[in-house]
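Before any comments, here is the structure.
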Amino acid sequence: GALECTRSAARTLVGLARERGWLAAAPFDARVRCELIHCLAVSPRTHSELSDLLPAGLASEQADVDRVLGQVAHYRPPRALDDKGKYVLKDHLWGEFDAFFHRYSRVELEHAMQHAVGGFRRARIHHKQAAAAAAAA
(Lines give C-alpha, C1' and ligand atoms only; values in the text may rest on other atoms or scores of the structure.)
Protein backbone atom coordinates (compact mmCIF):
# COMPACT_ATOMS: atom_id res chain seq x y z
CA GLY A 1 0.00 0.00 0.00
CA ALA A 2 1.14 3.44 0.96
CA LEU A 3 4.34 2.25 2.65
CA GLU A 4 5.45 0.32 -0.43
CA CYS A 5 4.71 3.34 -2.63
CA THR A 6 6.74 5.57 -0.29
CA ARG A 7 9.65 3.12 -0.31
CA SER A 8 9.57 2.92 -4.08
CA ALA A 9 9.49 6.71 -4.45
CA ALA A 10 12.36 7.13 -1.97
CA ARG A 11 14.44 4.48 -3.77
CA THR A 12 13.84 6.19 -7.09
CA LEU A 13 14.86 9.58 -5.71
CA VAL A 14 18.05 8.16 -4.17
CA GLY A 15 18.84 6.41 -7.44
CA LEU A 16 18.33 9.56 -9.47
CA ALA A 17 20.44 11.61 -7.07
CA ARG A 18 23.27 9.05 -7.24
CA GLU A 19 23.08 8.58 -11.01
CA ARG A 20 23.97 12.01 -12.33
CA GLY A 21 24.35 10.93 -15.95
CA TRP A 22 20.79 12.04 -16.63
CA LEU A 23 21.58 15.57 -15.39
CA ALA A 24 24.52 16.13 -17.69
CA ALA A 25 25.40 14.64 -21.00
CA ALA A 26 27.52 11.72 -19.76
CA PRO A 27 29.66 10.13 -22.47
CA PHE A 28 27.89 7.49 -24.55
CA ASP A 29 30.24 4.68 -23.46
CA ALA A 30 29.72 5.49 -19.76
CA ARG A 31 25.92 5.45 -20.13
CA VAL A 32 25.95 2.17 -22.08
CA ARG A 33 28.40 0.62 -19.61
CA CYS A 34 26.18 1.52 -16.66
CA GLU A 35 23.02 0.21 -18.34
CA LEU A 36 24.67 -3.05 -19.41
CA ILE A 37 26.20 -3.70 -16.00
CA HIS A 38 22.86 -3.22 -14.30
CA CYS A 39 20.95 -5.32 -16.86
CA LEU A 40 23.47 -8.14 -16.44
CA ALA A 41 23.45 -7.85 -12.65
CA VAL A 42 19.85 -9.07 -12.66
CA SER A 43 20.65 -12.16 -14.73
CA PRO A 44 22.67 -13.37 -17.71
CA ARG A 45 20.97 -12.11 -20.87
CA THR A 46 20.85 -12.84 -24.58
CA HIS A 47 21.96 -10.19 -27.02
CA SER A 48 18.36 -9.50 -28.06
CA GLU A 49 17.24 -9.20 -24.41
CA LEU A 50 19.95 -6.62 -23.77
CA SER A 51 18.95 -4.68 -26.88
CA ASP A 52 15.33 -4.64 -25.73
CA LEU A 53 16.28 -3.46 -22.22
CA LEU A 54 18.51 -0.58 -23.27
CA PRO A 55 16.94 2.86 -23.64
CA ALA A 56 16.15 3.55 -27.31
CA GLY A 57 18.73 6.32 -27.62
CA LEU A 58 21.49 3.91 -26.65
CA ALA A 59 20.28 0.75 -28.36
CA SER A 60 20.21 2.45 -31.76
CA GLU A 61 24.04 2.58 -31.82
CA GLN A 62 24.43 -1.21 -32.03
CA ALA A 63 28.10 -1.35 -33.08
CA ASP A 64 29.13 0.87 -30.17
CA VAL A 65 26.92 -1.08 -27.74
CA ASP A 66 28.54 -4.34 -28.88
CA ARG A 67 32.01 -2.87 -28.30
CA VAL A 68 31.11 -1.87 -24.72
CA LEU A 69 29.35 -5.22 -24.18
CA GLY A 70 32.64 -6.95 -24.97
CA GLN A 71 34.30 -4.89 -22.23
CA VAL A 72 31.75 -5.70 -19.50
CA ALA A 73 30.59 -9.25 -20.23
CA HIS A 74 31.70 -12.75 -21.13
CA TYR A 75 29.69 -14.66 -23.73
CA ARG A 76 28.46 -18.01 -22.43
CA PRO A 77 27.58 -20.24 -25.42
CA PRO A 78 24.39 -22.33 -25.48
CA ARG A 79 24.60 -25.46 -23.32
CA ALA A 80 21.95 -27.45 -25.20
CA LEU A 81 20.20 -27.39 -28.56
CA ASP A 82 17.22 -25.49 -27.18
CA ASP A 83 19.37 -23.07 -25.17
CA LYS A 84 20.56 -19.60 -26.22
CA GLY A 85 23.95 -18.04 -25.66
CA LYS A 86 23.97 -15.41 -22.93
CA TYR A 87 26.19 -12.62 -21.74
CA VAL A 88 27.40 -12.73 -18.13
CA LEU A 89 28.80 -9.77 -16.20
CA LYS A 90 32.58 -9.97 -15.68
CA ASP A 91 33.34 -10.58 -12.02
CA HIS A 92 35.67 -7.63 -11.56
CA LEU A 93 32.87 -5.22 -12.55
CA TRP A 94 30.61 -6.00 -9.58
CA GLY A 95 32.24 -3.02 -7.87
CA GLU A 96 30.32 -0.81 -10.31
CA PHE A 97 26.97 -2.33 -9.32
CA ASP A 98 24.65 0.16 -7.60
CA ALA A 99 21.67 -1.22 -5.69
CA PHE A 100 19.98 2.17 -6.13
CA PHE A 101 19.96 1.92 -9.94
CA HIS A 102 16.93 4.00 -10.85
CA ARG A 103 15.36 1.64 -13.37
CA TYR A 104 15.16 -1.51 -11.21
CA SER A 105 11.79 -2.86 -10.20
CA ARG A 106 11.56 -4.43 -6.75
CA VAL A 107 11.87 -7.93 -8.23
CA GLU A 108 14.83 -6.96 -10.43
CA LEU A 109 16.57 -5.45 -7.41
CA GLU A 110 16.08 -8.66 -5.43
CA HIS A 111 17.58 -10.74 -8.26
CA ALA A 112 20.47 -8.30 -8.72
CA MET A 113 21.26 -8.32 -5.01
CA GLN A 114 21.31 -12.13 -4.95
CA HIS A 115 23.69 -12.21 -7.92
CA ALA A 116 25.82 -9.40 -6.47
CA VAL A 117 26.67 -11.45 -3.38
CA GLY A 118 28.13 -14.23 -5.52
CA GLY A 119 29.77 -11.74 -7.89
CA PHE A 120 31.50 -9.89 -5.06
CA ARG A 121 32.76 -13.20 -3.62
CA ARG A 122 34.15 -14.31 -6.99
CA ALA A 123 35.76 -10.90 -7.54
CA ARG A 124 37.39 -11.02 -4.09
CA ILE A 125 38.75 -14.54 -4.69
CA HIS A 126 40.09 -13.50 -8.11
CA HIS A 127 41.74 -10.42 -6.57
CA LYS A 128 43.40 -12.51 -3.84
CA GLN A 129 44.66 -15.05 -6.39
CA ALA A 130 46.08 -12.29 -8.60
CA ALA A 131 47.79 -10.66 -5.61
CA ALA A 132 49.29 -14.01 -4.54
CA ALA A 133 50.54 -14.69 -8.08
CA ALA A 134 52.09 -11.21 -8.24
CA ALA A 135 53.80 -11.70 -4.88
CA ALA A 136 55.17 -15.07 -5.97
CA ALA A 137 56.61 -13.63 -9.19
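Residue numbering restarts at 1 for every chain of the C-alpha coordinates, chains are lettered A, B, ... in their displayed order, and ligands are numbered from 1 as they appear.
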
Mind listing the helix (DSSP H, G or I) residues of chain A, per DSSP on the backbone, as a ChimeraX atom specification?
/A:2-18,20-22,28-42,47-53,56-59,62-72,91-96,106-136

What's the 8 Å shell around region 60-74 of chain A, counting only C-alpha atoms, without same-chain residues fewer than 4 positions away, as a PyMOL selection string?
chain A and resi 29+32-33+36-37+56+87-90+93

Could you pull the residues within 12 Å of Ser43 (chain A), counting only C-alpha atoms, minus those fewer than 4 positions along the same chain, as a list in words?
Leu36, Ile37, His38, Cys39, Glu49, Leu50, Ala73, Lys86, Tyr87, Val88, Leu89, Val107, Glu108, Leu109, Glu110, His111, Ala112, Met113, Gln114, His115, Ala116 and Gly119 of chain A

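For the pair CA of Arg31 (chain A) and CA of Ser51 (chain A), the interatomic distance is 14.0 Å.
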
Using only C-alpha atoms, find the one residue out of A:Asp83, A:Glu4, A:Asp91, A:Glu35 that sits nearest to Leu53 (chain A).
A:Glu35

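Here the question is which of A:Pro27, A:Leu40, A:His47, A:His92 gets nearest to Arg121 (chain A) using only C-alpha atoms, and that residue is A:His92.
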
Identify which of the residues A:Ala130, A:Phe120, A:Asp52, A:Ala137 lies closest to Glu96 (chain A), counting only C-alpha atoms when measuring atom-to-atom distances.
A:Phe120

To one decimal place in Å, what is the distance between CA of Leu54 (chain A) and CA of Phe100 (chain A)?
17.4 Å

Going by DSSP on the backbone, which residues of region 17-135 of chain A come out as strand (DSSP E)? List them as a PyMOL selection string.
chain A and resi 73-76+86-89

Restricting to only C-alpha atoms, whichever of A:Ser105, A:Gln129, A:Thr6, A:Thr46 is closest to Lys84 (chain A) is A:Thr46

Distance of CA of Gly118 (chain A) from CA of Ala134 (chain A), expressed in Å to one decimal place:
24.3 Å

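Using only C-alpha atoms, the smallest distance between any of A:Val42, A:Phe28, A:Pro77, A:Asp82 and Pro55 (chain A) comes from A:Phe28.
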